[in-house]
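Peer 1: Take a look at the following structure, please.
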Amino acid sequence: MSNRSSGKKNVMEEYLSSLLTEEVAHSEPLEQVSKLLDSASVLHITEAEQQKLSAQPSIIDPDSIKVEQLKEAVELVDHTQSQSLTPPEQSVDSDVEEDNDTQHEVGRVTKSPESDIAQDTGIYTEPFQTLIFEVAGLSLALPLTELGGIHQLTEVTPIFGKPSWFKGVMLHRDEKMNVVDTAMWVMPDKCNEKLADSAKNQYLIMLDDSGWGLACERIIDTITLQPDDVKWRKFDGKRTWLSGMVKKKMCALVNVKQLIRLLQQGMNSNDN
Amino acid sequence: MSDDRTLSNAPSDRNDEVLQWVTYKLGEETYGINVMQVQEVLRHTEIAPVPGAPEYVLGIINLRGNVVTVIDTRSRFGLEPTDLTDNTRIVIIESDEQVVGILVDSVAEVVYLRSSEIDSAPNVGTEESAKFIQGVSNRDGELLILVDLNKLLSDEEWEELTNI
């Protein structure tokens, strides 16, 4: 149990450290994240385990700056109702995927009270990390605290009678994931079927614990944004799925909570 | 043809009803219908068109002296039409004491599913065809879409079929 905890801790520490490190060459973050994604699984650190880890100085190097940043960045959240993407009893080693589908999973970034407020309003008042991804020439940003996971897009089973932006259901380890044709959802007027079909979607970006995922062509980067880096939108009831525009990347920042709400109601971006 | 999985008789499982589903293919997707509603499966036979019939009605067949209306499942589900093959079958089903045939690309197997293994389909979609889906199930890494035959036709449409 302790070996598993230390293993999980090391993986999470390494992953979060890579996210917290800003001054890295452009191509490096993606490679680092890719390597971590290959070996990481969704991790849940219970309060008991966190206390246990904290009480074991041999595991944590208190002199490490990165660890200090990690301690500041990670706060326990009660995940009693959260859904894990992998069964808790699986060890870290067994979660390493070596088979051909090379499914990537990411450790969950736990949330602070400030980020809870940000999720409701879509406006962050503290620095926050985002994942930038691209589909059909459109770049979107998604706060990491609301990222449920990243999966390799495999076989998607279409279901008739659903909106055109609903690609179908993808099965992953007994989980059913609803796949959204992101281009079709965001740009229903501009994106015809030909364009949608030509998009070579490779990944599925999961929205929190909702079971909804956005299909994307490529993952561009993970960056830390300051509140001033975003041109925030007013929450005026229109385009509620859009939190604002990331100025330096010129991409839309998604309000995940509102997006999930719209998807569950069967609405596309034009419907709101 | 039947499921090889051992069905336990543990107390917690007794309330988890096991149902049999006849699975069939339309294109690449696999669908299931309740076996209790399936009377028989026929090879594709000549279907006589009926002028003035709804577009989802392919026509009628003679089944041992009885006239049975055959419904185009693809049309009903809003799917693109396809050519007939040697695997094409007509599944004779009974719903509300009415017997109709549904044309499918092929019939696969009979599977056993517990109620707990059936999930609701994503609750999106306002198209009429969305109402046909009773649920979905993960079957050996493949998604099985379960069809509610009772909703295949409305009461008015069932009534209309009797007049064909």
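Labels used: A, B, ... for chains in the order of the structure tokens, numbers from 1 for residues in each chain, and numbers from 1 for ligands as shown.
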Could you work out which residues of chain A fall inside 12 Å of chain B? Count only C-alpha atoms, and format the result as a PyMOL selection string.
Peer 2: chain A and resi 154-180+210-212+260-268
Peer 1: For N, CA and C atoms, I'd like the residues from the last selection saved as a short mmCIF file (atom, residue, chain, number, x, y, z; two decimals), in the first residue's frame.
Peer 2:
data_model
loop_
_atom_site.label_atom_id
_atom_site.label_comp_id
_atom_site.auth_asym_id
_atom_site.auth_seq_id
_atom_site.Cartn_x
_atom_site.Cartn_y
_atom_site.Cartn_z
N THR A 154 -10.63 6.27 -30.12
CA THR A 154 -10.71 4.97 -30.79
C THR A 154 -12.08 4.85 -31.46
N GLU A 155 -12.59 3.66 -31.46
CA GLU A 155 -13.84 3.45 -32.19
C GLU A 155 -15.01 4.16 -31.52
N VAL A 156 -15.74 4.92 -32.33
CA VAL A 156 -16.89 5.65 -31.81
C VAL A 156 -18.14 5.05 -32.45
N THR A 157 -19.07 4.63 -31.63
CA THR A 157 -20.30 4.04 -32.15
C THR A 157 -21.35 5.14 -32.28
N PRO A 158 -21.77 5.46 -33.49
CA PRO A 158 -22.80 6.48 -33.64
C PRO A 158 -24.15 5.96 -33.17
N ILE A 159 -24.97 6.86 -32.69
CA ILE A 159 -26.32 6.51 -32.26
C ILE A 159 -27.28 7.39 -33.04
N PHE A 160 -28.23 6.77 -33.69
CA PHE A 160 -29.14 7.54 -34.53
C PHE A 160 -30.05 8.42 -33.69
N GLY A 161 -30.58 9.44 -34.34
CA GLY A 161 -31.52 10.32 -33.67
C GLY A 161 -30.86 11.40 -32.82
N LYS A 162 -29.55 11.47 -32.89
CA LYS A 162 -28.83 12.46 -32.07
C LYS A 162 -28.41 13.64 -32.94
N PRO A 163 -28.11 14.77 -32.33
CA PRO A 163 -27.69 15.94 -33.11
C PRO A 163 -26.44 15.65 -33.94
N SER A 164 -26.24 16.46 -34.97
CA SER A 164 -25.12 16.19 -35.87
C SER A 164 -23.77 16.34 -35.17
N TRP A 165 -23.72 17.13 -34.11
CA TRP A 165 -22.45 17.31 -33.41
C TRP A 165 -22.16 16.15 -32.45
N PHE A 166 -23.10 15.26 -32.29
CA PHE A 166 -22.89 14.12 -31.40
C PHE A 166 -22.35 12.98 -32.25
N LYS A 167 -21.06 12.70 -32.11
CA LYS A 167 -20.43 11.68 -32.94
C LYS A 167 -20.81 10.28 -32.49
N GLY A 168 -21.05 10.09 -31.20
CA GLY A 168 -21.41 8.76 -30.73
C GLY A 168 -20.82 8.48 -29.37
N VAL A 169 -20.72 7.21 -29.08
CA VAL A 169 -20.23 6.77 -27.78
C VAL A 169 -18.94 5.98 -27.98
N MET A 170 -17.94 6.31 -27.17
CA MET A 170 -16.69 5.55 -27.21
C MET A 170 -16.58 4.76 -25.91
N LEU A 171 -16.22 3.51 -26.04
CA LEU A 171 -16.06 2.67 -24.87
C LEU A 171 -14.60 2.66 -24.44
N HIS A 172 -14.38 2.84 -23.14
CA HIS A 172 -13.02 2.81 -22.61
C HIS A 172 -13.06 2.21 -21.22
N ARG A 173 -12.54 1.00 -21.09
CA ARG A 173 -12.50 0.33 -19.79
C ARG A 173 -13.86 0.34 -19.12
N ASP A 174 -14.84 -0.14 -19.80
CA ASP A 174 -16.21 -0.23 -19.27
C ASP A 174 -16.86 1.12 -19.04
N GLU A 175 -16.20 2.19 -19.42
CA GLU A 175 -16.81 3.51 -19.31
C GLU A 175 -17.36 3.89 -20.68
N LYS A 176 -18.49 4.55 -20.65
CA LYS A 176 -19.07 5.04 -21.91
C LYS A 176 -18.85 6.55 -21.97
N MET A 177 -18.22 6.99 -23.02
CA MET A 177 -17.91 8.40 -23.14
C MET A 177 -18.63 8.98 -24.35
N ASN A 178 -19.35 10.04 -24.13
CA ASN A 178 -20.05 10.71 -25.22
C ASN A 178 -19.07 11.60 -25.96
N VAL A 179 -18.98 11.39 -27.26
CA VAL A 179 -17.98 12.10 -28.06
C VAL A 179 -18.65 13.24 -28.83
N VAL A 180 -18.12 14.41 -28.64
CA VAL A 180 -18.65 15.60 -29.29
C VAL A 180 -17.75 15.97 -30.46
N SER A 210 -18.14 14.52 -16.25
CA SER A 210 -19.46 14.49 -16.89
C SER A 210 -19.70 13.32 -17.80
N GLY A 211 -18.65 12.68 -18.31
CA GLY A 211 -18.82 11.65 -19.33
C GLY A 211 -18.86 12.21 -20.74
N TRP A 212 -18.77 13.52 -20.85
CA TRP A 212 -18.72 14.17 -22.17
C TRP A 212 -17.26 14.46 -22.52
N ILE A 260 -20.95 21.72 -20.27
CA ILE A 260 -21.56 20.44 -19.91
C ILE A 260 -23.08 20.59 -19.84
N ARG A 261 -23.51 21.69 -19.26
CA ARG A 261 -24.95 21.93 -19.15
C ARG A 261 -25.60 21.97 -20.53
N LEU A 262 -24.97 22.66 -21.45
CA LEU A 262 -25.53 22.76 -22.80
C LEU A 262 -25.54 21.41 -23.50
N LEU A 263 -24.47 20.67 -23.34
CA LEU A 263 -24.40 19.35 -23.99
C LEU A 263 -25.49 18.44 -23.45
N GLN A 264 -25.69 18.48 -22.14
CA GLN A 264 -26.69 17.60 -21.54
C GLN A 264 -28.10 17.97 -22.00
N GLN A 265 -28.24 19.24 -22.36
CA GLN A 265 -29.55 19.67 -22.86
C GLN A 265 -29.68 19.51 -24.37
N GLY A 266 -28.63 19.02 -25.00
CA GLY A 266 -28.69 18.78 -26.43
C GLY A 266 -28.55 20.04 -27.27
N MET A 267 -27.98 21.08 -26.70
CA MET A 267 -27.86 22.36 -27.43
C MET A 267 -26.45 22.52 -27.97
N ASN A 268 -26.36 23.24 -29.11
CA ASN A 268 -25.04 23.56 -29.61
C ASN A 268 -24.73 25.02 -29.30
#
Peer 1: Can you tell me which residues surround B:Thr85 at a distance of at most 9 Å, considering only C-alpha atoms, apart from same-chain residues fewer than 3 positions away, and format the answer as a list of chain:residue names?
Peer 2: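 Near B:Thr85, the qualifying residues are B:His44, B:Thr88, B:Arg89, B:Asp105, B:Ser106.
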Peer 1: Please produce a file of the residues just selected, as a tab-separated table (two decimals), in the first residue's frame, where the atoms kept are C-alpha atoms.
Peer 2:
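The result, written out as selection15.tsv:
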chain	number	residue	atom	x	y	z
B	44	HIS	CA	-34.95	-11.95	-47.38
B	88	THR	CA	-30.16	-9.50	-45.14
B	89	ARG	CA	-32.94	-10.81	-42.94
B	105	ASP	CA	-28.66	-6.09	-42.63
B	106	SER	CA	-27.94	-9.24	-40.69
Peer 1: One number please: atom CA of B:Leu161 to atom CA of B:Leu63, in Å, one decimal.
Peer 2: 16.1 Å
Peer 1: Extract, using only C-alpha atoms, all DNA, RNA and protein residues at most 6 Å from B:Thr23, discarding same-chain residues fewer than 4 positions from it, and format them as an mmCIF file with C-alpha atoms, in the first residue's frame.
Peer 2:
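Dumped everything to around.cif:
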data_model
loop_
_atom_site.group_PDB
_atom_site.id
_atom_site.type_symbol
_atom_site.label_atom_id
_atom_site.label_comp_id
_atom_site.auth_asym_id
_atom_site.auth_seq_id
_atom_site.Cartn_x
_atom_site.Cartn_y
_atom_site.Cartn_z
ATOM 1 C CA TYR B 31 -28.766 -3.284 -32.185
ATOM 2 C CA GLY B 32 -30.743 -5.456 -29.845
ATOM 3 C CA ALA B 108 -26.027 -11.733 -35.104
ATOM 4 C CA GLU B 109 -26.764 -13.634 -31.922
#
Peer 1: Write out as a VMD selection string all residues of stretch 4-123 of chain B that DSSP puts in strand (DSSP E) for this structure's backbone.
Peer 2: chain B and resid 18 to 26 29 to 34 38 to 43 57 to 63 66 to 72 89 to 95 98 to 104 106 to 114 118 to 119
Peer 1: Which value, in Å to one decimal, gives the distance between atom CA of B:Glu160 and atom CA of B:Val104?
Peer 2: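 Atom-to-atom, atom CA of B:Glu160 and atom CA of B:Val104 are spaced 21.9 Å apart.
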Peer 1: Pick from B:Val100, B:Val50, B:Leu113, B:Ile92: nearest to B:Thr69, with only C-alpha atoms counted?
Peer 2: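 Looking only at the distances to B:Thr69, the closest residue turns out to be B:Val100.
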Peer 1: Calculated over only C-alpha atoms, which of the candidates B:Gln39, B:Asn150, B:Asn15, B:Ser115 has the smallest distance to B:Val91?
Peer 2: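 Between B:Gln39, B:Asn150, B:Asn15, B:Ser115, the residue approaching B:Val91 most closely is B:Gln39.
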Peer 1: Quick one: residues within 9 Å of B:Leu149, only C-alpha atoms, excluding same-chain residues fewer than 6 positions away - as a list in words?
Peer 2: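 These residues fall inside the cut-off: Ile33, Asn34, Gln37, Ile93, Glu94, Ser95, Phe132, Ile133 and Gln134 of chain B.
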Peer 1: Could you write those residues out with N, CA and C atoms, as a JSON list (two decimals), in the first residue's frame?
Peer 2:
[["chain", "number", "residue", "atom", "x", "y", "z"],
["B", 33, "ILE", "N", -32.99, -6.30, -29.77],
["B", 33, "ILE", "CA", -34.42, -6.23, -29.48],
["B", 33, "ILE", "C", -34.78, -7.37, -28.55],
["B", 34, "ASN", "N", -35.77, -7.14, -27.73],
["B", 34, "ASN", "CA", -36.17, -8.12, -26.73],
["B", 34, "ASN", "C", -36.60, -9.42, -27.40],
["B", 37, "GLN", "N", -40.20, -10.55, -28.03],
["B", 37, "GLN", "CA", -41.01, -9.95, -29.09],
["B", 37, "GLN", "C", -40.66, -10.50, -30.46],
["B", 93, "ILE", "N", -41.59, -9.60, -35.78],
["B", 93, "ILE", "CA", -41.77, -9.20, -34.39],
["B", 93, "ILE", "C", -43.24, -9.00, -34.09],
["B", 94, "GLU", "N", -43.54, -9.06, -32.80],
["B", 94, "GLU", "CA", -44.91, -8.84, -32.37],
["B", 94, "GLU", "C", -44.92, -7.71, -31.35],
["B", 95, "SER", "N", -45.77, -6.77, -31.59],
["B", 95, "SER", "CA", -45.89, -5.65, -30.66],
["B", 95, "SER", "C", -47.35, -5.24, -30.59],
["B", 132, "PHE", "N", -36.62, 5.73, -30.17],
["B", 132, "PHE", "CA", -36.60, 4.28, -30.35],
["B", 132, "PHE", "C", -35.58, 3.60, -29.44],
["B", 133, "ILE", "N", -34.66, 4.35, -28.92],
["B", 133, "ILE", "CA", -33.56, 3.75, -28.18],
["B", 133, "ILE", "C", -33.97, 3.56, -26.72],
["B", 134, "GLN", "N", -33.92, 2.31, -26.29],
["B", 134, "GLN", "CA", -34.27, 1.99, -24.92],
["B", 134, "GLN", "C", -33.08, 2.14, -24.00]]
Peer 1: Write out as number ranges by chain all residues of chain B that DSSP puts in helix (DSSP H, G or I) for this structure's backbone.
Peer 2: B: 11-14, 35-37, 73-77, 115-117, 128-132, 149-151, 155-162
Peer 1: Output C-alpha atoms of each residue in that selection to a file, as a short mmCIF file (atom, residue, chain, number, x, y, z; two decimals), in the first residue's frame.
Peer 2:
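And here is the file that came out, out22.cif:
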data_model
loop_
_atom_site.label_atom_id
_atom_site.label_comp_id
_atom_site.auth_asym_id
_atom_site.auth_seq_id
_atom_site.Cartn_x
_atom_site.Cartn_y
_atom_site.Cartn_z
CA PRO B 11 -29.09 -12.65 -3.39
CA SER B 12 -27.88 -9.33 -4.78
CA ASP B 13 -28.34 -10.64 -8.30
CA ARG B 14 -31.86 -11.95 -7.93
CA VAL B 35 -36.28 -11.82 -27.63
CA MET B 36 -39.79 -12.11 -26.24
CA GLN B 37 -41.01 -9.95 -29.09
CA THR B 73 -35.61 -0.16 -40.27
CA ARG B 74 -32.96 2.06 -41.81
CA SER B 75 -35.56 4.51 -42.98
CA ARG B 76 -37.25 4.40 -39.61
CA PHE B 77 -34.01 5.11 -37.81
CA SER B 115 -30.74 -4.85 -16.12
CA SER B 116 -27.72 -3.41 -14.35
CA GLU B 117 -25.70 -3.75 -17.53
CA GLU B 128 -38.12 11.44 -33.72
CA SER B 129 -35.82 8.49 -34.15
CA ALA B 130 -34.18 9.17 -30.78
CA LYS B 131 -37.22 7.77 -28.98
CA PHE B 132 -36.60 4.28 -30.35
CA LEU B 149 -39.98 -2.00 -30.36
CA ASN B 150 -43.08 -0.63 -28.73
CA LYS B 151 -42.00 2.81 -29.81
CA ASP B 155 -50.48 4.25 -32.10
CA GLU B 156 -51.67 6.00 -35.24
CA GLU B 157 -48.99 4.36 -37.32
CA TRP B 158 -49.79 0.93 -35.94
CA GLU B 159 -53.39 1.60 -36.81
CA GLU B 160 -52.38 2.64 -40.29
CA LEU B 161 -50.52 -0.62 -40.81
CA THR B 162 -53.62 -2.64 -40.15
#
Peer 1: Using atom CA of A:Leu147 and atom CA of A:Leu242 as the two end points, give the distance in Å to one decimal.
Peer 2: 15.7 Å
